[in-house]
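Here is the structure we will look at.
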Amino acid sequence: MKRTHLALAILGIIALLLFPLGVGNPYYIHLLETIMIYAIVLFGLDIVVGYTGQVSLGHAGLFGIGAYTAGVMVMKLGTPLLVTLIASVGVTALFGAILALPALRVSGPYLAMVTLAFGTIIQILINEMTFLTEGPMGIKLTKPSLLGLKLDEREFFWLVAVLMVLALIVVHRVLRSHLGRAFEALRGSPVASDCMGVSVYRYKVYAFVISAGFAGLAGALYAFSEQYISPNSYNFELTVLFLLAVIMGGRKSRIGALVGATIIVLLPKLLDDIEMFRYVSVALAVGVATVTVLGIRKGRVTPKQMAIPLVGSIALAGLSFWLQTMTDWRLSIFGVIMLFVVYYLQDGIVGFVRSALNLARPKPEEQLASVSLRGGDALSSSATSGSSEILTADGVLMQFGGLKALNDVSLRIRRGTIHGLIGPNGSGKSTMMNVLTGIYVPTAGTIAFEGRSVVGRTSSDIALSGIARTFQNVQLFGEMTALQNVQVGLHHSFASNLFDVAVHTPRYRRESKAATERALGLLQFVGLADLAFEEARNLPYGKQRLLEIARALALDPQLLLLDEPAAGLTAPDIKELISFIRKIREHGVTVILIEHHMDVVMSMCDTVSVLDFGQKIAEGRPAHVQADEKVIEAYLGGQAA
Amino acid sequence: MQILTQLVFSGIALGMIYAVIAFGYQLTFATSDTLNFGQGDALMLGALVGLTLVGLGVNYWLMIPIVCLFGVVQGAVVERIGVRPAIKIKSEFGWIMSTIALGIIFKNVAENVWGRDDLKFPSPLPESPLKFLGANVLPMEILVVVGAVLMMLAVEFFNRKTIYGKAVVATFNDRDAAKLMGINTGLVITFSYALSSLTAGFAGVLIAPLTLTGATMGAVLGLKAFAVAIIGGLTSGLGIVVGGIILGIAETTTGFYLSTGYKDVPGLVLLLIVLAVRPQGLFGKTAIKKV
């Protein structure tokens, strides 16, 4: 973190802690307390929404579970504060794991509906299980005691403030770590995550569990803060409000969560005060009009683009004078704001301010300046011992309905060689890759890698055992930088757990530093060192392919599968590609190469197998295969001369 | 036994309503891979508009086509405002959020126009039950089942037999190819939303005389209909009818034997289980993911 940032953060925290002393009015203290509690929920929700890219409509339910765990424990057992808080976090995290179970199989709209169903069930259960929750009557609580001292409104505020700052630090560290990168990778490309040894299943569950834990903590604090909980507080409206806060504040940003929490707490208060609302809506209309005029003059926006927001804000201002009370129309206003944010403010307020002020996103690895590159290249040497055949596939059959994409294919890959796999389009080459990496489970046949069967194991398990791959259609994590992409490949080199990440133990620091160095080294190896901080989606196509290779090498594979690495590369780039594929082999890594550039295949491969219509039609040394009549027929058709 | 038959009959009537709403989900999913998260609110609006019309003295049977027309307009509005811009920027998050937002707005407007209390919808048929296999069946329940089946048959007939229906099916199979063949896919998607809201509005006026009508009636119905769409599979017509009946009966029996407070639980739990075990639904086909 930069000096100025650190100083600002400390100033902010001090101001926060002094707030109750300066402002005596308990109403404002309670208001700020609520904002901080919501901010804790939003930190967690952002993990699911911002990083893994899933819509969760279940967070009000999780928040409610946290509140009720605290309420029931205090009411029935009279547990002390710390035990209550820990139990709330634990119980809610457990429910997060339950919620994640169906979430494992589905994503997008299905997941949204699943979480909505979950939230609804929770609300019904809280309402109906009167023996535990007192049902619609609700539970009354008093402010808790800490270390024998009964907390008053102000002291409880400090407790919330401290916990909020702690939550902020923990979330921030988690998201900057290999865990955060794993969450983001799931969103970028689930298939590629699995093939980099980052199990989509496992990390989706982690994301939900961590997220739920924060919701639980916030729920418990909320129960003590309000001193009364009832089932109707944790409804659909609250869940939508949370989502609105995350996207409006700005995804993938802790400041965004704070801004969002402030807005959703203050907005209803604002709507209750019609006078105030009239001023604000007029100010908003004037603001939008100014931005429109300036934007059009600078040529940044077209009049057509700005028409809807301009008319909308003026209409809102007019409406505020026409209506006598806004409270009843609160939800409509939330709805309109949501539509506006979805279409005009996709990166939220924080993103908007950043782009307006031309601030780049902060660099992810602050310690980078101190990283020195090691001499030599970053490739690890692969073991050259073991049996001479690294991979044997026997009679592999892959059937999709009536189509046999692979029909009785057998391959023997010798250790330390470059094995070419060629054939016309649709001959089953990429299917073979998918079968080898566990994306497809073959209908019949056996595949053994290093003497161990691959069939039926998950992609991430296979990847971790030493098979890395690139994809025919590039599968990078688009919103992550080139460096981060490679670091995802290095995920396996981390032994740190959540605790290590949260408190930055020496182990985590060491692993993190090593991974950054390795990643930079690998980028240098493929010639992308100066593009390390560029987002992957902004790289030219050829460079994206090179980045995929660097990412695959980060897995320290024994066997590397390259699916058309030369596609989209210029002639000089291809030469370079050839030279570094050779270098990879010199390190003892076995390579299977799918390629249409015959000069590449013929000049490099030790053995070439030819597929046609899912069957292997020839195999042998390149020159031998080149002369094979069946091969010529497959490529050129008809009777070969 | 008599009670059980009774529960089964009301379950079937309820299930057919779920099936009709679920059918609406299928329609939009078919053309654009999107769902209207405010489907329940479309139903609620249909029912309330119908109630107002009946209150103005319009005959129940005459009111139905007017409500259907209203549904068409409402659906088109949802598509234009909430879905089309999101499809254009290829944002899944966008259309999920915007259809939720529109749903909230519709619900809130309804609350302000028709009030927050549940209203009684006058039944167009006699309310004295008929005896059937020893159980009491309301004439309205029979109407619900017949109406639901007719509705779905009509749309299926349209899709299979008319050239416009073929355009819908073509758009479902491959949106880009359909576009290249000169089909106005944007219009087809708008149309599917209009049709989807039409079925929801229709379901609304069918079910309204059996339950109470009010601004909050839509949310849970929409969610449970989604459960039906998932249980049946988002591409199977038979699936949603079977799924609807399973859910309807599960619900009436739970309501009777356990507590009416828990009656929404089986459907939602079923949804979670089906998605966890067989995400493509009981009748759906698995798609092969391409890498």
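Following the order of the structure tokens, chains are lettered A, B, ..., residues in each are numbered from 1, and ligands are numbered from 1.
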
Determine, counting only C-alpha atoms, which protein, DNA and RNA residues have an atom within 9 Å of an atom of Glu595 of chain A; residues of the same chain fewer than 2 positions away are not included. Present the result as a PyMOL selection string. chain A and resi 420-423+562-567+593+597-598+600-601

Compute the chain B side of the contact with chain A at 9 Å, counting only C-alpha atoms, and hand it back as an MDAnalysis selection string. chainID B and resid 34:35 37 81:82 85:86 92:109 111:112 220 223:224 226:227 230 261:262 264:265 268:269 271:279 288 291

Quick one: everything within 10 Å of Met602 of chain A, counting only C-alpha atoms, minus sequence neighbours fewer than 2 positions away in the same chain. Send it as a list in words.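 Those residues are Gly420, His597, Met598, Asp599, Val600, Met604, Cys605, Asp606, Thr607, Val608, Arg621, Pro622, Ala623, Val625 and Gln626 of chain A.
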
Those same residues, written as a short mmCIF file (atom, residue, chain, number, x, y, z; two decimals), in the first residue's frame with N, CA and C atoms?
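out.cif written:
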data_model
loop_
_atom_site.label_atom_id
_atom_site.label_comp_id
_atom_site.auth_asym_id
_atom_site.auth_seq_id
_atom_site.Cartn_x
_atom_site.Cartn_y
_atom_site.Cartn_z
N GLY A 420 3.44 -35.28 -32.26
CA GLY A 420 2.48 -34.51 -33.05
C GLY A 420 1.16 -35.26 -33.19
N HIS A 597 -0.02 -26.15 -39.01
CA HIS A 597 1.17 -25.73 -39.77
C HIS A 597 2.10 -26.93 -39.91
N MET A 598 2.11 -27.52 -41.10
CA MET A 598 2.86 -28.76 -41.28
C MET A 598 4.37 -28.57 -41.09
N ASP A 599 4.86 -27.38 -41.48
CA ASP A 599 6.31 -27.18 -41.32
C ASP A 599 6.69 -27.24 -39.85
N VAL A 600 5.83 -26.70 -38.99
CA VAL A 600 6.10 -26.75 -37.55
C VAL A 600 6.12 -28.19 -37.08
N MET A 604 9.64 -30.39 -35.89
CA MET A 604 9.88 -30.56 -34.46
C MET A 604 9.59 -31.93 -33.92
N CYS A 605 8.55 -32.58 -34.46
CA CYS A 605 8.03 -33.76 -33.78
C CYS A 605 8.94 -34.97 -33.94
N ASP A 606 8.99 -35.76 -32.87
CA ASP A 606 9.71 -37.03 -32.94
C ASP A 606 8.81 -38.10 -33.54
N THR A 607 7.53 -38.04 -33.17
CA THR A 607 6.55 -39.00 -33.67
C THR A 607 5.30 -38.23 -34.05
N VAL A 608 4.61 -38.69 -35.07
CA VAL A 608 3.36 -38.03 -35.45
C VAL A 608 2.27 -39.08 -35.55
N ARG A 621 7.45 -41.75 -37.79
CA ARG A 621 8.30 -40.57 -37.90
C ARG A 621 7.68 -39.61 -38.91
N PRO A 622 7.93 -38.32 -38.78
CA PRO A 622 7.28 -37.33 -39.64
C PRO A 622 7.42 -37.66 -41.13
N ALA A 623 8.60 -37.99 -41.54
CA ALA A 623 8.82 -38.22 -42.96
C ALA A 623 8.01 -39.43 -43.43
N VAL A 625 5.20 -40.56 -42.11
CA VAL A 625 3.77 -40.24 -42.13
C VAL A 625 3.43 -39.40 -43.35
N GLN A 626 4.36 -38.50 -43.66
CA GLN A 626 4.14 -37.60 -44.79
C GLN A 626 3.95 -38.37 -46.09
#

Residue with the minimum atom-to-atom distance to Leu464 of chain A, picked from A:Leu82, A:Val246, A:Ile549, A:Leu490 with only C-alpha atoms counted, is A:Leu490

Tell me, as a short mmCIF file (atom, residue, chain, number, x, y, z; two decimals) with N, CA and C atoms, in the first residue's frame, which residues lie within 6 Å of segment 190-204 of chain B, counting only C-alpha atoms; anything in the same chain fewer than 2 positions away does not count.
data_model
loop_
_atom_site.label_atom_id
_atom_site.label_comp_id
_atom_site.auth_asym_id
_atom_site.auth_seq_id
_atom_site.Cartn_x
_atom_site.Cartn_y
_atom_site.Cartn_z
N ILE B 21 -47.45 -20.78 -15.89
CA ILE B 21 -46.42 -19.75 -15.66
C ILE B 21 -45.06 -20.28 -16.11
N GLY B 24 -44.44 -19.90 -19.59
CA GLY B 24 -43.98 -18.56 -19.93
C GLY B 24 -42.46 -18.45 -19.82
N LEU B 27 -40.94 -20.07 -22.87
CA LEU B 27 -41.05 -19.30 -24.12
C LEU B 27 -39.88 -18.34 -24.29
N THR B 28 -39.57 -17.58 -23.25
CA THR B 28 -38.50 -16.60 -23.42
C THR B 28 -37.15 -17.28 -23.39
N ALA B 42 -45.92 -10.20 -13.51
CA ALA B 42 -46.77 -10.11 -14.70
C ALA B 42 -48.11 -10.77 -14.41
N LEU B 43 -48.06 -11.90 -13.71
CA LEU B 43 -49.28 -12.60 -13.33
C LEU B 43 -50.14 -11.73 -12.42
N GLY B 46 -51.80 -8.97 -14.28
CA GLY B 46 -52.92 -9.50 -15.06
C GLY B 46 -54.15 -9.66 -14.18
N ALA B 47 -53.96 -10.26 -13.01
CA ALA B 47 -55.08 -10.52 -12.11
C ALA B 47 -55.71 -9.21 -11.64
N CYS B 68 -55.26 -10.34 -21.70
CA CYS B 68 -54.21 -10.92 -22.55
C CYS B 68 -53.51 -9.82 -23.34
N GLY B 71 -51.25 -8.05 -21.14
CA GLY B 71 -50.05 -8.87 -20.93
C GLY B 71 -49.05 -8.70 -22.08
N VAL B 72 -49.57 -8.68 -23.29
CA VAL B 72 -48.70 -8.52 -24.47
C VAL B 72 -47.90 -7.22 -24.36
N GLY B 75 -45.35 -7.39 -21.47
CA GLY B 75 -44.20 -8.22 -21.82
C GLY B 75 -43.27 -7.50 -22.77
N ALA B 76 -43.85 -6.81 -23.75
CA ALA B 76 -43.02 -6.09 -24.72
C ALA B 76 -42.21 -5.01 -24.01
N GLU B 79 -39.29 -6.54 -22.23
CA GLU B 79 -38.23 -6.94 -23.15
C GLU B 79 -37.44 -5.73 -23.63
N LEU B 187 -37.33 -8.95 -33.04
CA LEU B 187 -38.79 -8.95 -32.97
C LEU B 187 -39.30 -10.27 -32.38
N VAL B 188 -38.66 -11.36 -32.78
CA VAL B 188 -39.08 -12.67 -32.27
C VAL B 188 -38.92 -12.71 -30.76
N LEU B 206 -57.10 -16.67 -14.19
CA LEU B 206 -57.65 -18.00 -13.92
C LEU B 206 -57.59 -18.33 -12.44
N ILE B 207 -56.45 -17.98 -11.82
CA ILE B 207 -56.26 -18.41 -10.44
C ILE B 207 -56.89 -17.43 -9.45
N ALA B 208 -57.08 -16.18 -9.88
CA ALA B 208 -57.53 -15.15 -8.95
C ALA B 208 -58.83 -15.52 -8.20
#

Would you kindly return, as an mmCIF file with C-alpha atoms, in the first residue's frame, each protein, DNA or RNA residue with an atom no farther than 12 Å from any atom of segment 170-172 of chain B, considering only C-alpha atoms and excluding same-chain residues fewer than 3 positions away?
data_model
loop_
_atom_site.group_PDB
_atom_site.id
_atom_site.type_symbol
_atom_site.label_atom_id
_atom_site.label_comp_id
_atom_site.auth_asym_id
_atom_site.auth_seq_id
_atom_site.Cartn_x
_atom_site.Cartn_y
_atom_site.Cartn_z
ATOM 1 C CA GLN B 26 -39.871 -21.655 -21.391
ATOM 2 C CA LEU B 27 -41.052 -19.301 -24.115
ATOM 3 C CA THR B 28 -38.500 -16.598 -23.420
ATOM 4 C CA PHE B 29 -35.758 -19.063 -22.573
ATOM 5 C CA ALA B 30 -36.348 -20.702 -25.942
ATOM 6 C CA THR B 31 -35.741 -17.579 -27.999
ATOM 7 C CA SER B 32 -33.159 -15.657 -26.032
ATOM 8 C CA ASP B 33 -31.766 -17.817 -23.210
ATOM 9 C CA THR B 34 -33.187 -15.295 -20.787
ATOM 10 C CA ASN B 159 -45.011 -22.856 -32.931
ATOM 11 C CA ARG B 160 -45.346 -26.038 -34.914
ATOM 12 C CA ILE B 163 -44.510 -19.816 -40.378
ATOM 13 C CA TYR B 164 -44.184 -17.296 -37.532
ATOM 14 C CA GLY B 165 -43.888 -20.140 -35.087
ATOM 15 C CA LYS B 166 -41.138 -21.615 -37.215
ATOM 16 C CA ALA B 167 -39.276 -18.335 -36.946
ATOM 17 C CA ARG B 175 -30.035 -17.018 -33.136
ATOM 18 C CA ASP B 176 -27.267 -15.877 -35.470
ATOM 19 C CA ALA B 177 -28.156 -18.260 -38.273
ATOM 20 C CA ALA B 178 -31.822 -17.264 -38.014
ATOM 21 C CA LYS B 179 -30.794 -13.639 -38.283
ATOM 22 C CA LEU B 180 -28.778 -14.371 -41.417
ATOM 23 C CA MET B 181 -31.817 -16.091 -42.912
ATOM 24 C CA GLY B 182 -33.682 -12.809 -42.715
ATOM 25 C CA ILE B 183 -35.630 -13.451 -39.514
ATOM 26 C CA ASN B 184 -35.953 -10.364 -37.367
ATOM 27 C CA THR B 185 -34.703 -12.109 -34.236
ATOM 28 C CA GLY B 186 -35.100 -8.983 -32.137
ATOM 29 C CA LEU B 187 -38.789 -8.946 -32.971
ATOM 30 C CA VAL B 188 -39.076 -12.667 -32.273
ATOM 31 C CA ILE B 189 -37.596 -12.145 -28.803
ATOM 32 C CA THR B 190 -39.950 -9.240 -28.100
ATOM 33 C CA PHE B 191 -42.783 -11.415 -29.303
ATOM 34 C CA SER B 192 -41.751 -14.266 -27.000
ATOM 35 C CA THR B 235 -37.211 -27.404 -22.944
#

Any chance you could list, as a PyMOL selection string, the residues in segment 338-509 of chain A that come up strand (DSSP E) when DSSP is run on the backbone? chain A and resi 389-400+403-414+418-422+444-449+452-453+467-469

Might you pull out every residue within 12 Å of Val205 of chain B, with only C-alpha atoms counted and same-chain residues fewer than 6 positions away left off, and present them as a PyMOL selection string? chain B and resi 17+42-54+60-68+71+120-124+140+143-144+147-148+198-199+211-214

What would the file look like if the residues just selected were written as a short mmCIF file (atom, residue, chain, number, x, y, z; two decimals), in the first residue's frame with N, CA and C atoms?
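Saved file result.cif follows:
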data_model
loop_
_atom_site.label_atom_id
_atom_site.label_comp_id
_atom_site.auth_asym_id
_atom_site.auth_seq_id
_atom_site.Cartn_x
_atom_site.Cartn_y
_atom_site.Cartn_z
N ILE B 17 -51.71 -24.26 -12.92
CA ILE B 17 -51.36 -22.83 -12.94
C ILE B 17 -49.83 -22.68 -12.97
N ALA B 42 -45.92 -10.20 -13.51
CA ALA B 42 -46.77 -10.11 -14.70
C ALA B 42 -48.11 -10.77 -14.41
N LEU B 43 -48.06 -11.90 -13.71
CA LEU B 43 -49.28 -12.60 -13.33
C LEU B 43 -50.14 -11.73 -12.42
N MET B 44 -49.47 -11.12 -11.44
CA MET B 44 -50.19 -10.29 -10.47
C MET B 44 -50.87 -9.13 -11.18
N LEU B 45 -50.14 -8.48 -12.10
CA LEU B 45 -50.73 -7.36 -12.83
C LEU B 45 -51.94 -7.81 -13.63
N GLY B 46 -51.80 -8.97 -14.28
CA GLY B 46 -52.92 -9.50 -15.06
C GLY B 46 -54.15 -9.66 -14.18
N ALA B 47 -53.96 -10.26 -13.01
CA ALA B 47 -55.08 -10.52 -12.11
C ALA B 47 -55.71 -9.21 -11.64
N LEU B 48 -54.87 -8.23 -11.30
CA LEU B 48 -55.41 -6.97 -10.77
C LEU B 48 -56.12 -6.16 -11.85
N VAL B 49 -55.54 -6.15 -13.07
CA VAL B 49 -56.20 -5.46 -14.17
C VAL B 49 -57.55 -6.13 -14.44
N GLY B 50 -57.55 -7.46 -14.41
CA GLY B 50 -58.79 -8.21 -14.59
C GLY B 50 -59.82 -7.83 -13.54
N LEU B 51 -59.36 -7.72 -12.30
CA LEU B 51 -60.27 -7.38 -11.19
C LEU B 51 -60.89 -6.01 -11.41
N THR B 52 -60.06 -5.06 -11.85
CA THR B 52 -60.57 -3.71 -12.10
C THR B 52 -61.63 -3.74 -13.20
N LEU B 53 -61.32 -4.49 -14.27
CA LEU B 53 -62.26 -4.57 -15.39
C LEU B 53 -63.59 -5.16 -14.94
N VAL B 54 -63.51 -6.25 -14.15
CA VAL B 54 -64.73 -6.87 -13.66
C VAL B 54 -65.49 -5.88 -12.78
N TYR B 60 -66.71 -11.44 -17.22
CA TYR B 60 -65.47 -12.18 -16.99
C TYR B 60 -64.88 -12.70 -18.28
N TRP B 61 -65.70 -13.27 -19.13
CA TRP B 61 -65.18 -13.88 -20.37
C TRP B 61 -64.67 -12.84 -21.34
N LEU B 62 -65.30 -11.68 -21.33
CA LEU B 62 -64.87 -10.61 -22.22
C LEU B 62 -63.57 -9.99 -21.70
N MET B 63 -63.45 -10.04 -20.36
CA MET B 63 -62.28 -9.44 -19.72
C MET B 63 -61.00 -10.18 -20.09
N ILE B 64 -61.10 -11.50 -20.26
CA ILE B 64 -59.88 -12.29 -20.50
C ILE B 64 -59.07 -11.80 -21.71
N PRO B 65 -59.70 -11.62 -22.89
CA PRO B 65 -58.88 -11.12 -24.01
C PRO B 65 -58.25 -9.75 -23.74
N ILE B 66 -58.96 -8.91 -22.99
CA ILE B 66 -58.38 -7.58 -22.69
C ILE B 66 -57.14 -7.75 -21.82
N VAL B 67 -57.25 -8.63 -20.81
CA VAL B 67 -56.09 -8.87 -19.95
C VAL B 67 -54.94 -9.45 -20.76
N CYS B 68 -55.26 -10.34 -21.70
CA CYS B 68 -54.21 -10.92 -22.55
C CYS B 68 -53.51 -9.82 -23.34
N GLY B 71 -51.25 -8.05 -21.14
CA GLY B 71 -50.05 -8.87 -20.93
C GLY B 71 -49.05 -8.70 -22.08
N LYS B 120 -60.81 -9.73 -2.95
CA LYS B 120 -61.55 -10.93 -3.37
C LYS B 120 -61.93 -10.77 -4.83
N PHE B 121 -61.65 -11.80 -5.63
CA PHE B 121 -61.99 -11.77 -7.04
C PHE B 121 -63.29 -12.54 -7.22
N PRO B 122 -64.36 -11.90 -7.74
CA PRO B 122 -65.63 -12.63 -7.85
C PRO B 122 -65.52 -13.80 -8.82
N SER B 123 -66.07 -14.91 -8.42
CA SER B 123 -65.97 -16.10 -9.26
C SER B 123 -67.01 -16.05 -10.37
N PRO B 124 -66.60 -16.32 -11.61
CA PRO B 124 -67.55 -16.28 -12.72
C PRO B 124 -68.44 -17.52 -12.75
N MET B 140 -64.60 -23.84 -10.76
CA MET B 140 -63.49 -22.97 -11.15
C MET B 140 -62.20 -23.77 -11.33
N LEU B 143 -62.24 -25.26 -14.65
CA LEU B 143 -61.95 -24.23 -15.65
C LEU B 143 -60.45 -23.95 -15.72
N VAL B 144 -59.81 -23.92 -14.56
CA VAL B 144 -58.37 -23.64 -14.52
C VAL B 144 -57.62 -24.70 -15.32
N GLY B 147 -58.53 -24.39 -19.08
CA GLY B 147 -57.94 -23.17 -19.63
C GLY B 147 -56.44 -23.31 -19.81
N ALA B 148 -55.78 -23.87 -18.80
CA ALA B 148 -54.33 -24.02 -18.87
C ALA B 148 -53.93 -24.92 -20.04
N LEU B 198 -48.38 -12.67 -21.64
CA LEU B 198 -49.78 -13.00 -21.92
C LEU B 198 -50.20 -14.25 -21.14
N THR B 199 -49.38 -15.29 -21.22
CA THR B 199 -49.74 -16.52 -20.50
C THR B 199 -49.78 -16.26 -19.00
N THR B 211 -57.90 -17.89 -5.28
CA THR B 211 -57.10 -17.38 -4.17
C THR B 211 -57.51 -15.93 -3.95
N LEU B 212 -56.74 -15.20 -3.23
CA LEU B 212 -56.99 -13.78 -3.10
C LEU B 212 -56.08 -13.06 -4.08
N THR B 213 -56.46 -11.85 -4.45
CA THR B 213 -55.69 -11.07 -5.41
C THR B 213 -55.03 -9.92 -4.67
N GLY B 214 -53.76 -9.69 -4.97
CA GLY B 214 -53.08 -8.57 -4.32
C GLY B 214 -51.68 -8.43 -4.87
#

Segment 127-315 of chain A: residues DSSP assigns to helix (DSSP H, G or I), reported as a PyMOL selection string: chain A and resi 127-128+130-133+135-137+153-176+178-188+190-195+200-226+231-233+236-249+254-272+274-298+303-315

Residues within 8 Å of segment 403-405 of chain A, please, as a ChimeraX atom specification. Count only C-alpha atoms; anything in the same chain fewer than 3 positions from it doesn't count. /A:397-400,427-428,431,613-614

Pull C-alpha atoms from the residues just selected and write them as a short mmCIF file (atom, residue, chain, number, x, y, z; two decimals), in the first residue's frame.
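What follows is the written file result-v2.cif:
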data_model
loop_
_atom_site.label_atom_id
_atom_site.label_comp_id
_atom_site.auth_asym_id
_atom_site.auth_seq_id
_atom_site.Cartn_x
_atom_site.Cartn_y
_atom_site.Cartn_z
CA LEU A 397 -13.95 -44.51 -27.55
CA MET A 398 -15.77 -41.20 -27.17
CA GLN A 399 -19.36 -41.27 -28.24
CA PHE A 400 -21.77 -38.30 -28.44
CA SER A 427 -11.00 -35.63 -36.94
CA GLY A 428 -11.09 -35.76 -33.15
CA THR A 431 -11.70 -34.30 -28.39
CA PHE A 613 -12.95 -39.36 -38.55
CA GLY A 614 -12.02 -40.35 -35.03
#

So, counting only C-alpha atoms, which residue among A:Ala261, A:Met36, A:Ala502, A:Ala289 is closest to Val174 of chain A?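 Residue with the minimum atom-to-atom distance to Val174 of chain A: A:Ala502.
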